[in-house]
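One file, model_6.txt, carrying compact mmCIF, C-alpha atoms and all ligand atoms:
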```txt
# COMPACT_ATOMS: atom_id res chain seq x y z
CA MET H 281 50.69 20.04 -11.01
CA HIS H 282 53.41 17.49 -11.06
CA TYR H 283 52.39 15.66 -7.92
CA ASP H 284 49.81 13.12 -7.08
CA MET H 285 48.66 15.47 -4.38
CA PRO H 286 45.26 15.21 -2.80
CA PRO H 287 42.77 17.68 -4.20
CA MET H 288 41.93 20.72 -2.15
CA ARG H 289 39.10 19.99 0.19
CA PRO H 290 35.77 21.10 -1.20
CA VAL H 291 33.95 23.86 0.61
CA ASN H 292 30.85 22.60 2.36
CA ARG H 293 27.99 24.50 0.89
CA THR H 294 24.40 23.46 1.01
CA PRO H 295 21.53 25.21 -0.76
CA GLY H 296 19.72 27.67 1.47
CA ASN H 297 22.69 27.72 3.79
CA GLU H 298 25.09 29.69 1.67
CA ALA H 299 28.50 29.98 3.21
CA PRO H 300 29.99 33.42 2.85
CA ILE H 301 32.32 33.75 -0.15
CA SER H 302 35.26 34.19 2.21
CA SER H 303 34.96 30.61 3.43
CA ALA H 304 36.31 29.40 0.09
CA ILE H 305 39.31 31.67 0.53
CA ASP H 306 39.65 30.78 4.18
CA ASP H 307 39.76 27.02 3.68
CA PRO H 308 42.93 26.15 5.63
CA ILE H 309 45.79 24.51 3.76
CA ILE H 310 47.73 23.90 7.00
CA GLU H 311 46.07 23.36 10.34
CA PHE H 312 47.56 22.85 13.79
CA GLN H 313 45.05 21.11 16.02
CA GLN H 314 45.94 21.29 19.72
CA VAL H 315 49.57 20.54 18.95
CA THR H 316 52.07 19.92 21.73
CA TYR H 317 55.69 19.12 21.01
CA SER H 318 57.93 18.08 23.89
CA VAL H 319 61.42 16.67 24.12
CA LYS H 320 62.85 14.45 26.84
CA GLY H 321 64.74 16.26 29.56
CA ARG H 322 62.83 19.52 29.20
CA THR H 323 59.91 20.09 31.50
CA ALA H 324 58.17 22.76 29.42
CA PRO H 325 57.03 21.65 25.97
CA LEU H 326 58.56 23.56 23.04
CA ILE H 327 55.05 23.96 21.62
CA SER H 328 52.03 23.88 23.91
CA GLN H 329 48.45 23.07 22.91
CA LEU H 330 48.73 25.22 19.83
CA SER H 331 45.92 25.61 17.31
CA LEU H 332 46.36 27.59 14.13
CA ALA H 333 44.87 27.53 10.64
CA VAL H 334 46.89 28.84 7.72
CA ASN H 335 44.68 29.83 4.84
CA SER H 336 45.44 29.20 1.24
CA ARG H 337 47.50 32.01 -0.35
CA GLU H 338 48.14 33.98 2.78
CA THR H 339 51.56 35.08 3.95
CA LEU H 340 51.47 34.19 7.59
CA VAL H 341 54.37 35.61 9.54
CA LEU H 342 55.44 33.84 12.72
CA LEU H 343 57.01 36.46 14.94
CA GLY H 344 58.71 35.75 18.22
CA ARG H 345 61.89 36.25 20.14
CA SER H 346 64.72 33.74 20.00
CA GLY H 347 63.70 30.39 21.48
CA SER H 348 59.94 31.05 21.25
CA GLY H 349 59.40 27.99 19.04
CA LYS H 350 59.22 29.43 15.51
CA THR H 351 61.56 26.95 13.81
CA THR H 352 59.98 24.09 15.73
CA LEU H 353 56.59 25.12 14.39
CA LEU H 354 57.87 25.18 10.78
CA ARG H 355 59.48 21.77 11.15
CA LEU H 356 56.20 20.34 12.35
CA ILE H 357 54.63 21.38 9.03
CA ASN H 358 56.96 19.39 6.78
CA ARG H 359 57.22 16.50 9.21
CA MET H 360 60.82 17.02 10.15
CA LEU H 361 59.17 16.78 13.58
CA VAL H 362 55.96 15.07 14.57
CA PRO H 363 53.69 16.31 17.36
CA SER H 364 53.83 14.65 20.78
CA SER H 365 50.08 15.14 20.84
CA GLY H 366 47.55 16.76 18.53
CA GLU H 367 47.79 16.88 14.76
CA VAL H 368 49.24 18.98 11.99
CA VAL H 369 47.00 18.67 8.94
CA VAL H 370 48.42 19.60 5.53
CA GLU H 371 45.99 19.77 2.62
CA GLY H 372 43.45 17.74 4.53
CA LYS H 373 45.82 15.00 5.66
CA SER H 374 47.66 14.64 8.96
CA THR H 375 51.44 14.90 8.47
CA VAL H 376 51.87 11.46 10.04
CA ASN H 377 49.78 10.04 7.20
CA TRP H 378 51.83 11.78 4.52
CA ASP H 379 54.85 10.03 3.11
CA ALA H 380 57.59 12.18 4.71
CA ILE H 381 59.71 12.50 1.56
CA ARG H 382 56.77 13.33 -0.64
CA LEU H 383 55.55 15.92 1.83
CA ARG H 384 58.95 17.61 1.98
CA ARG H 385 59.27 17.76 -1.78
CA HIS H 386 55.79 19.15 -1.89
CA ILE H 387 56.67 22.07 0.38
CA GLY H 388 59.40 24.59 -0.43
CA TYR H 389 61.70 25.32 2.50
CA VAL H 390 64.11 28.23 2.70
CA ILE H 391 66.41 28.20 5.70
CA GLN H 392 68.67 30.86 7.09
CA GLU H 393 71.93 31.11 5.11
CA ALA H 394 70.04 29.48 2.23
CA GLY H 395 71.44 25.99 2.98
CA LEU H 396 72.76 25.43 -0.55
CA PHE H 397 74.87 22.43 -1.45
CA PRO H 398 78.37 23.86 -1.87
CA HIS H 399 79.55 21.29 -4.42
CA PHE H 400 76.51 21.82 -6.69
CA THR H 401 76.28 24.66 -9.18
CA VAL H 402 73.53 27.23 -8.82
CA ALA H 403 71.55 25.46 -11.56
CA GLU H 404 71.96 22.08 -9.85
CA ASN H 405 70.82 23.52 -6.54
CA VAL H 406 67.75 25.13 -8.09
CA GLY H 407 66.88 22.03 -10.13
CA LEU H 408 67.30 19.67 -7.21
CA VAL H 409 63.71 18.76 -6.46
CA PRO H 410 62.64 18.55 -10.12
CA LYS H 411 65.59 16.17 -10.64
CA LEU H 412 64.56 14.05 -7.66
CA GLU H 413 61.09 14.04 -9.17
CA LYS H 414 62.65 12.70 -12.39
CA TRP H 415 61.72 15.54 -14.70
CA ASP H 416 63.49 15.30 -18.05
CA PRO H 417 66.69 17.39 -18.29
CA ALA H 418 65.37 19.86 -20.88
CA ARG H 419 62.41 20.69 -18.69
CA ILE H 420 64.64 21.07 -15.63
CA GLU H 421 66.90 23.47 -17.51
CA LYS H 422 63.99 25.54 -18.71
CA ARG H 423 62.52 25.70 -15.21
CA THR H 424 65.88 26.57 -13.65
CA ASP H 425 66.39 29.47 -16.06
CA GLU H 426 62.88 30.70 -15.40
CA LEU H 427 63.37 30.58 -11.61
CA LEU H 428 66.71 32.34 -11.69
CA LYS H 429 65.09 35.13 -13.69
CA ILE H 430 62.21 35.31 -11.20
CA VAL H 431 64.64 35.94 -8.35
CA GLY H 432 66.63 38.45 -10.37
CA LEU H 433 69.70 36.42 -11.33
CA ASP H 434 70.75 36.18 -14.96
CA PRO H 435 71.04 32.44 -15.72
CA LYS H 436 73.82 33.07 -18.25
CA GLU H 437 75.93 34.62 -15.56
CA PHE H 438 74.96 32.57 -12.52
CA ALA H 439 73.76 29.10 -13.52
CA SER H 440 77.17 27.48 -13.54
CA ARG H 441 78.63 29.23 -10.47
CA ARG H 442 78.98 27.53 -7.13
CA PRO H 443 77.57 28.99 -3.91
CA ALA H 444 81.04 30.08 -2.74
CA GLN H 445 81.23 32.34 -5.80
CA LEU H 446 78.12 34.29 -4.78
CA SER H 447 77.45 37.07 -2.32
CA GLY H 448 75.20 36.40 0.68
CA GLY H 449 72.25 38.15 -0.97
CA GLN H 450 72.71 36.16 -4.17
CA ARG H 451 72.82 32.93 -2.17
CA GLN H 452 69.52 33.88 -0.53
CA ARG H 453 68.00 34.45 -3.96
CA VAL H 454 69.18 30.99 -5.07
CA GLY H 455 67.67 29.57 -1.86
CA VAL H 456 64.31 31.11 -2.75
CA ALA H 457 64.58 29.86 -6.35
CA ARG H 458 65.37 26.37 -5.13
CA ALA H 459 62.39 26.35 -2.78
CA LEU H 460 60.16 27.29 -5.73
CA GLY H 461 61.71 24.49 -7.84
CA ALA H 462 58.83 22.13 -8.40
CA ASP H 463 56.18 24.82 -7.98
CA PRO H 464 55.07 23.89 -4.45
CA SER H 465 51.87 25.45 -3.21
CA ILE H 466 53.38 25.95 0.25
CA LEU H 467 56.59 27.78 1.11
CA LEU H 468 58.20 27.73 4.55
CA MET H 469 60.79 30.43 5.10
CA ASP H 470 62.90 30.53 8.25
CA GLU H 471 64.48 33.97 8.67
CA PRO H 472 65.57 33.87 5.04
CA PHE H 473 66.90 37.43 5.03
CA GLY H 474 68.33 37.43 8.56
CA ALA H 475 72.00 37.38 7.67
CA LEU H 476 71.97 40.18 5.10
CA ASP H 477 73.10 43.77 5.38
CA PRO H 478 70.16 46.12 6.01
CA VAL H 479 70.08 47.60 2.50
CA THR H 480 70.17 44.29 0.62
CA ARG H 481 67.75 42.94 3.14
CA SER H 482 65.17 45.63 2.58
CA GLU H 483 65.65 45.28 -1.20
CA LEU H 484 64.98 41.53 -1.03
CA GLN H 485 62.02 42.06 1.31
CA ARG H 486 60.37 44.44 -1.16
CA GLU H 487 61.02 42.15 -4.11
CA PHE H 488 59.84 39.16 -2.18
CA SER H 489 56.66 40.88 -1.12
CA ALA H 490 55.81 41.60 -4.77
CA LEU H 491 56.79 38.08 -5.79
CA ALA H 492 54.65 36.47 -3.08
CA GLN H 493 51.59 38.34 -4.28
CA ARG H 494 52.25 37.41 -7.88
CA LEU H 495 52.86 33.69 -7.27
CA GLY H 496 49.80 33.07 -5.11
CA LYS H 497 51.60 30.66 -2.76
CA THR H 498 50.75 29.93 0.84
CA ILE H 499 53.73 31.19 2.80
CA VAL H 500 54.71 30.69 6.41
CA PHE H 501 57.50 33.13 7.10
CA VAL H 502 59.52 33.21 10.33
CA THR H 503 61.16 36.33 11.65
CA HIS H 504 62.02 38.09 14.89
CA ASP H 505 61.88 41.45 13.14
CA LEU H 506 58.60 43.31 13.55
CA ARG H 507 59.35 45.63 10.61
CA GLU H 508 59.78 42.66 8.31
CA ALA H 509 56.56 41.15 9.67
CA LEU H 510 54.62 44.36 9.06
CA LEU H 511 55.98 44.62 5.54
CA LEU H 512 55.34 41.06 4.39
CA ALA H 513 52.48 39.61 6.40
CA SER H 514 48.87 39.24 5.54
CA ARG H 515 48.63 38.06 9.15
CA ILE H 516 51.08 38.17 12.05
CA VAL H 517 51.09 35.42 14.66
CA LEU H 518 53.17 36.17 17.73
CA LEU H 519 54.70 33.24 19.62
CA GLN H 520 55.94 33.29 23.18
CA ASN H 521 57.20 30.17 24.95
CA GLY H 522 55.61 27.88 22.38
CA ARG H 523 52.18 29.51 22.55
CA ILE H 524 50.35 31.99 20.38
CA VAL H 525 49.86 35.19 22.32
CA ALA H 526 48.59 37.41 19.51
CA SER H 527 47.31 37.03 15.98
CA ALA H 528 46.16 39.86 13.75
CA GLU H 529 46.50 41.59 10.42
CA PRO H 530 49.41 44.03 10.37
CA GLN H 531 47.25 47.17 10.77
CA GLU H 532 45.60 45.68 13.84
CA PHE H 533 48.64 44.06 15.36
CA LEU H 534 50.25 47.11 16.93
CA ARG H 535 47.03 47.93 18.76
CA ILE H 536 46.90 44.63 20.64
CA ASP H 537 47.18 45.10 24.37
CA HIS H 538 49.66 42.38 25.32
CA PRO H 539 53.06 42.86 26.97
CA GLU H 540 54.88 40.84 24.29
CA VAL H 541 53.26 42.89 21.50
CA LYS H 542 54.34 46.03 23.35
CA ALA H 543 57.87 44.68 23.73
CA PHE H 544 58.04 44.16 19.96
CA SER H 545 56.41 47.52 19.20
CA ALA H 546 59.04 49.23 21.31
CA THR H 547 61.66 48.04 18.81
CA LEU H 548 60.11 50.34 16.20
CA HIS H 549 60.77 53.52 18.16
CA GLY H 550 63.55 55.45 19.62
CA VAL H 551 66.46 55.60 17.21
CA PRO H 552 68.04 58.93 18.22
CA GLY H 553 68.29 61.35 15.30
CA ALA H 554 66.13 59.19 13.03
CA PRO H 555 63.19 60.79 11.25
CA ALA H 556 59.93 60.07 13.06
N1 LIG D 601 65.94 18.99 20.16
C1 LIG D 601 65.78 19.88 21.14
N2 LIG D 601 65.96 19.51 22.44
C2 LIG D 601 65.78 20.39 23.44
N3 LIG D 601 65.42 21.65 23.26
C3 LIG D 601 65.25 22.07 22.00
C4 LIG D 601 65.41 21.22 20.88
N4 LIG D 601 65.16 21.93 19.76
C5 LIG D 601 64.85 23.17 20.17
N5 LIG D 601 64.91 23.27 21.51
C6 LIG D 601 64.58 24.45 22.33
O1 LIG D 601 63.25 24.80 22.03
C7 LIG D 601 63.06 26.20 22.04
C8 LIG D 601 62.46 26.65 20.73
O2 LIG D 601 63.42 26.44 19.71
P1 LIG D 601 63.22 27.01 18.24
O3 LIG D 601 64.40 26.61 17.45
O4 LIG D 601 61.89 26.59 17.73
O5 LIG D 601 63.21 28.57 18.52
P2 LIG D 601 63.13 29.80 17.51
O6 LIG D 601 61.94 30.60 17.89
O7 LIG D 601 63.24 29.32 16.12
O8 LIG D 601 64.44 30.64 17.92
P3 LIG D 601 65.49 31.48 16.99
O9 LIG D 601 64.82 32.79 16.70
O10 LIG D 601 66.66 31.65 17.89
O11 LIG D 601 65.79 30.68 15.77
C9 LIG D 601 64.44 26.77 22.36
O12 LIG D 601 64.47 27.07 23.73
C10 LIG D 601 65.40 25.66 22.02
O13 LIG D 601 66.55 25.71 22.81
MG MG D 602 64.69 29.48 14.64
```

What would you get if you wrote out this structure as structure tokens?
Amino acid sequence: MHYDMPPMRPVNRTPGNEAPISSAIDDPIIEFQQVTYSVKGRTAPLISQLSLAVNSRETLVLLGRSGSGKTTLLRLINRMLVPSSGEVVVEGKSTVNWDAIRLRRHIGYVIQEAGLFPHFTVAENVGLVPKLEKWDPARIEKRTDELLKIVGLDPKEFASRRPAQLSGGQRQRVGVARALGADPSILLMDEPFGALDPVTRSELQREFSALAQRLGKTIVFVTHDLREALLLASRIVLLQNGRIVASAEPQEFLRIDHPEVKAFSATLHGVPGAPA
């Protein structure tokens, strides 16, 4: 690791009181503790009394309709926002006790439309955090090449292009490569495939799903697309008006008896002429 990050919290285990093996896996890396986030001039908080533990190496998908608070929740994790009350704990430390810059470099963030710097080349975009972290240039170049290959872009062809010389899907790939730059253990992804055509989108979803499993990162992935959630999630958390209304593994999710779950499930059916 290239950071002076705090060590993972040890699992409490005392002789004669063996914790189940799963508790080591379930040790949360991100934890929302009774978090409320309000802004002036709005009566209802954007996030209300929300508690949620994200376990190490899971792909947690935040599902919810537009305005339900998904982006707000992500921004509370990397301290772009701080709770009005309650705490967000990342790797054992409340975000308000993290140095904000360090925390953000420590967490990869992919936003919709990739958010690349237009005047930087692909390689400069991907190597951004390593450069800020003062890696030596040879190491940055090696890492950049490696990351471009991981996301399926040939460095020889793409490293020196600028974002404007890429397709939307290629820009998204660069966005993912950049978020992986300094090998963060946590990745936040805000509708990263939202703006793509359906075919490219499903291609990237499949590749990403395989990549996520291989890299062993903790991923919080935002979408309003139930299909995408079912494909990528190890757990789906459904938000409505800044509250969690359902949380389950994909196989279980569709069986939950809640009107908002049913509203989302309804989006899976009923395309006339489509195979069942
Ligand atoms: N700074 C702000 N001041 C007032 N209201 C805000 C502010 N930021 C967000 N909101 C409101 O908070 C709610 C949640 O916003 P958020 O961006 O988290 O939604 P979202 O679930 O990401 O939606 P989308 O799917 O459209 O991206 C929305 O109603 C939004 O208008
Ligand atoms: Mg959003």

Between H:Arg441, H:Arg486, H:Arg481, H:Lys350, which one has atoms that come closest to ligand MG 602 (chain D), using all atoms listed in the file?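 Residue with the minimum atom-to-atom distance to ligand MG 602 (chain D): H:Lys350.
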
Between chain H and ligand LIG 601 (chain D), at 9 Å or less, what are the per-residue closest atom pairs and their distances in Å? Count only C-alpha atoms and all ligand atoms, order by chain and rising residue number, and return it as JSON lines.
```
{"residue": "H:Ser318", "atom": "CA", "partner": "D:LIG601", "partner_atom": "C2", "distance": 8.2}
{"residue": "H:Val319", "atom": "CA", "partner": "D:LIG601", "partner_atom": "N2", "distance": 5.6}
{"residue": "H:Lys320", "atom": "CA", "partner": "D:LIG601", "partner_atom": "N2", "distance": 7.4}
{"residue": "H:Gly321", "atom": "CA", "partner": "D:LIG601", "partner_atom": "C2", "distance": 7.5}
{"residue": "H:Arg322", "atom": "CA", "partner": "D:LIG601", "partner_atom": "C2", "distance": 6.5}
{"residue": "H:Pro325", "atom": "CA", "partner": "D:LIG601", "partner_atom": "O1", "distance": 8.0}
{"residue": "H:Leu326", "atom": "CA", "partner": "D:LIG601", "partner_atom": "O1", "distance": 5.0}
{"residue": "H:Ile327", "atom": "CA", "partner": "D:LIG601", "partner_atom": "C8", "distance": 7.9}
{"residue": "H:Leu342", "atom": "CA", "partner": "D:LIG601", "partner_atom": "O6", "distance": 8.9}
{"residue": "H:Leu343", "atom": "CA", "partner": "D:LIG601", "partner_atom": "O6", "distance": 8.2}
{"residue": "H:Gly344", "atom": "CA", "partner": "D:LIG601", "partner_atom": "O6", "distance": 6.1}
{"residue": "H:Arg345", "atom": "CA", "partner": "D:LIG601", "partner_atom": "O9", "distance": 5.7}
{"residue": "H:Ser346", "atom": "CA", "partner": "D:LIG601", "partner_atom": "O9", "distance": 3.4}
{"residue": "H:Gly347", "atom": "CA", "partner": "D:LIG601", "partner_atom": "O5", "distance": 3.5}
{"residue": "H:Ser348", "atom": "CA", "partner": "D:LIG601", "partner_atom": "O6", "distance": 3.9}
{"residue": "H:Gly349", "atom": "CA", "partner": "D:LIG601", "partner_atom": "O4", "distance": 3.1}
{"residue": "H:Lys350", "atom": "CA", "partner": "D:LIG601", "partner_atom": "O6", "distance": 3.8}
{"residue": "H:Thr351", "atom": "CA", "partner": "D:LIG601", "partner_atom": "O7", "distance": 3.7}
{"residue": "H:Thr352", "atom": "CA", "partner": "D:LIG601", "partner_atom": "O4", "distance": 3.7}
{"residue": "H:Leu353", "atom": "CA", "partner": "D:LIG601", "partner_atom": "O4", "distance": 6.4}
{"residue": "H:Leu354", "atom": "CA", "partner": "D:LIG601", "partner_atom": "O4", "distance": 8.2}
{"residue": "H:Arg355", "atom": "CA", "partner": "D:LIG601", "partner_atom": "O4", "distance": 8.5}
{"residue": "H:Asp470", "atom": "CA", "partner": "D:LIG601", "partner_atom": "O7", "distance": 8.0}
{"residue": "H:Glu471", "atom": "CA", "partner": "D:LIG601", "partner_atom": "O11", "distance": 7.9}
{"residue": "H:Val502", "atom": "CA", "partner": "D:LIG601", "partner_atom": "O7", "distance": 7.9}
{"residue": "H:Thr503", "atom": "CA", "partner": "D:LIG601", "partner_atom": "O9", "distance": 7.2}
{"residue": "H:His504", "atom": "CA", "partner": "D:LIG601", "partner_atom": "O9", "distance": 6.3}
{"residue": "H:Leu519", "atom": "CA", "partner": "D:LIG601", "partner_atom": "O6", "distance": 7.9}
{"residue": "H:Gln520", "atom": "CA", "partner": "D:LIG601", "partner_atom": "O6", "distance": 8.4}
{"residue": "H:Asn521", "atom": "CA", "partner": "D:LIG601", "partner_atom": "C8", "distance": 7.6}
{"residue": "H:Gly522", "atom": "CA", "partner": "D:LIG601", "partner_atom": "C8", "distance": 7.2}
```

Could the residues in this selection be written to a file with C-alpha atoms, as an mmCIF file, in the coordinates of the input?
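So again_19.cif came out as:
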```cif
data_model
loop_
_atom_site.group_PDB
_atom_site.id
_atom_site.type_symbol
_atom_site.label_atom_id
_atom_site.label_comp_id
_atom_site.auth_asym_id
_atom_site.auth_seq_id
_atom_site.Cartn_x
_atom_site.Cartn_y
_atom_site.Cartn_z
ATOM 1 C CA SER H 318 57.930 18.080 23.890
ATOM 2 C CA VAL H 319 61.420 16.670 24.120
ATOM 3 C CA LYS H 320 62.850 14.450 26.840
ATOM 4 C CA GLY H 321 64.740 16.260 29.560
ATOM 5 C CA ARG H 322 62.830 19.520 29.200
ATOM 6 C CA PRO H 325 57.030 21.650 25.970
ATOM 7 C CA LEU H 326 58.560 23.560 23.040
ATOM 8 C CA ILE H 327 55.050 23.960 21.620
ATOM 9 C CA LEU H 342 55.440 33.840 12.720
ATOM 10 C CA LEU H 343 57.010 36.460 14.940
ATOM 11 C CA GLY H 344 58.710 35.750 18.220
ATOM 12 C CA ARG H 345 61.890 36.250 20.140
ATOM 13 C CA SER H 346 64.720 33.740 20.000
ATOM 14 C CA GLY H 347 63.700 30.390 21.480
ATOM 15 C CA SER H 348 59.940 31.050 21.250
ATOM 16 C CA GLY H 349 59.400 27.990 19.040
ATOM 17 C CA LYS H 350 59.220 29.430 15.510
ATOM 18 C CA THR H 351 61.560 26.950 13.810
ATOM 19 C CA THR H 352 59.980 24.090 15.730
ATOM 20 C CA LEU H 353 56.590 25.120 14.390
ATOM 21 C CA LEU H 354 57.870 25.180 10.780
ATOM 22 C CA ARG H 355 59.480 21.770 11.150
ATOM 23 C CA ASP H 470 62.900 30.530 8.250
ATOM 24 C CA GLU H 471 64.480 33.970 8.670
ATOM 25 C CA VAL H 502 59.520 33.210 10.330
ATOM 26 C CA THR H 503 61.160 36.330 11.650
ATOM 27 C CA HIS H 504 62.020 38.090 14.890
ATOM 28 C CA LEU H 519 54.700 33.240 19.620
ATOM 29 C CA GLN H 520 55.940 33.290 23.180
ATOM 30 C CA ASN H 521 57.200 30.170 24.950
ATOM 31 C CA GLY H 522 55.610 27.880 22.380
#
```

What is the CA of Leu427 in chain H-CA of Glu508 in chain H distance in Å, reported with one decimal?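 Computing it gives 23.6 Å between the two atoms.
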
Return the single residue from H:Glu532, H:Phe544, H:Gln392, H:Pro417 that is closest to ligand MG 602 (chain D), with distances computed using all atoms listed in the file.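 Nearest candidate to ligand MG 602 (chain D) out of H:Glu532, H:Phe544, H:Gln392, H:Pro417: H:Gln392.
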
Shortest interatomic distance to Gln531 in chain H - which of H:Val368, H:Leu512, H:Ile381, H:Leu468, counting only C-alpha atoms: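 For Gln531 in chain H, the nearest of the given residues is H:Leu512.
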
Quick one: residues within 7 Å of Arg442 in chain H, all atoms listed in the file, excluding same-chain residues fewer than 5 positions away - as a VMD selection string? chain H and resid 398 to 402

Coordinates-based distance that separates CA of Tyr389 in chain H from CA of Ala459 in chain H (Å, one decimal):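 Distance between the two atoms: 5.4 Å.
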
Fewer than 2 positions away in the same chain doesn't count, so skip those; otherwise give me all residues within 12 Å of Gln493 in chain H, counting all atoms listed in the file, as a PyMOL selection string. chain H and resi 337-339+486-491+495-499+512-514

File of the preceding selection, C-alpha atoms, as an mmCIF file, in the coordinates of the input:
```
data_model
loop_
_atom_site.group_PDB
_atom_site.id
_atom_site.type_symbol
_atom_site.label_atom_id
_atom_site.label_comp_id
_atom_site.auth_asym_id
_atom_site.auth_seq_id
_atom_site.Cartn_x
_atom_site.Cartn_y
_atom_site.Cartn_z
ATOM 1 C CA ARG H 337 47.500 32.010 -0.350
ATOM 2 C CA GLU H 338 48.140 33.980 2.780
ATOM 3 C CA THR H 339 51.560 35.080 3.950
ATOM 4 C CA ARG H 486 60.370 44.440 -1.160
ATOM 5 C CA GLU H 487 61.020 42.150 -4.110
ATOM 6 C CA PHE H 488 59.840 39.160 -2.180
ATOM 7 C CA SER H 489 56.660 40.880 -1.120
ATOM 8 C CA ALA H 490 55.810 41.600 -4.770
ATOM 9 C CA LEU H 491 56.790 38.080 -5.790
ATOM 10 C CA LEU H 495 52.860 33.690 -7.270
ATOM 11 C CA GLY H 496 49.800 33.070 -5.110
ATOM 12 C CA LYS H 497 51.600 30.660 -2.760
ATOM 13 C CA THR H 498 50.750 29.930 0.840
ATOM 14 C CA ILE H 499 53.730 31.190 2.800
ATOM 15 C CA LEU H 512 55.340 41.060 4.390
ATOM 16 C CA ALA H 513 52.480 39.610 6.400
ATOM 17 C CA SER H 514 48.870 39.240 5.540
#
```

Calculated over only C-alpha atoms, which of the candidates H:Glu426, H:Glu311, H:Asp537, H:Glu367 has the smallest distance to Ala333 in chain H?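 Closest candidate: H:Glu311.
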
Taking into account only C-alpha atoms and all ligand atoms, which residue in the set H:Glu404, H:Val541, H:Leu446, H:Ile391 is nearest to ligand MG 602 (chain D)? H:Ile391

Between H:Leu361, H:Thr316, H:Met469, H:Gly407, which one has atoms that come closest to ligand MG 602 (chain D), using all atoms listed in the file?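 Of the candidates, the smallest distance to ligand MG 602 (chain D) is held by H:Met469.
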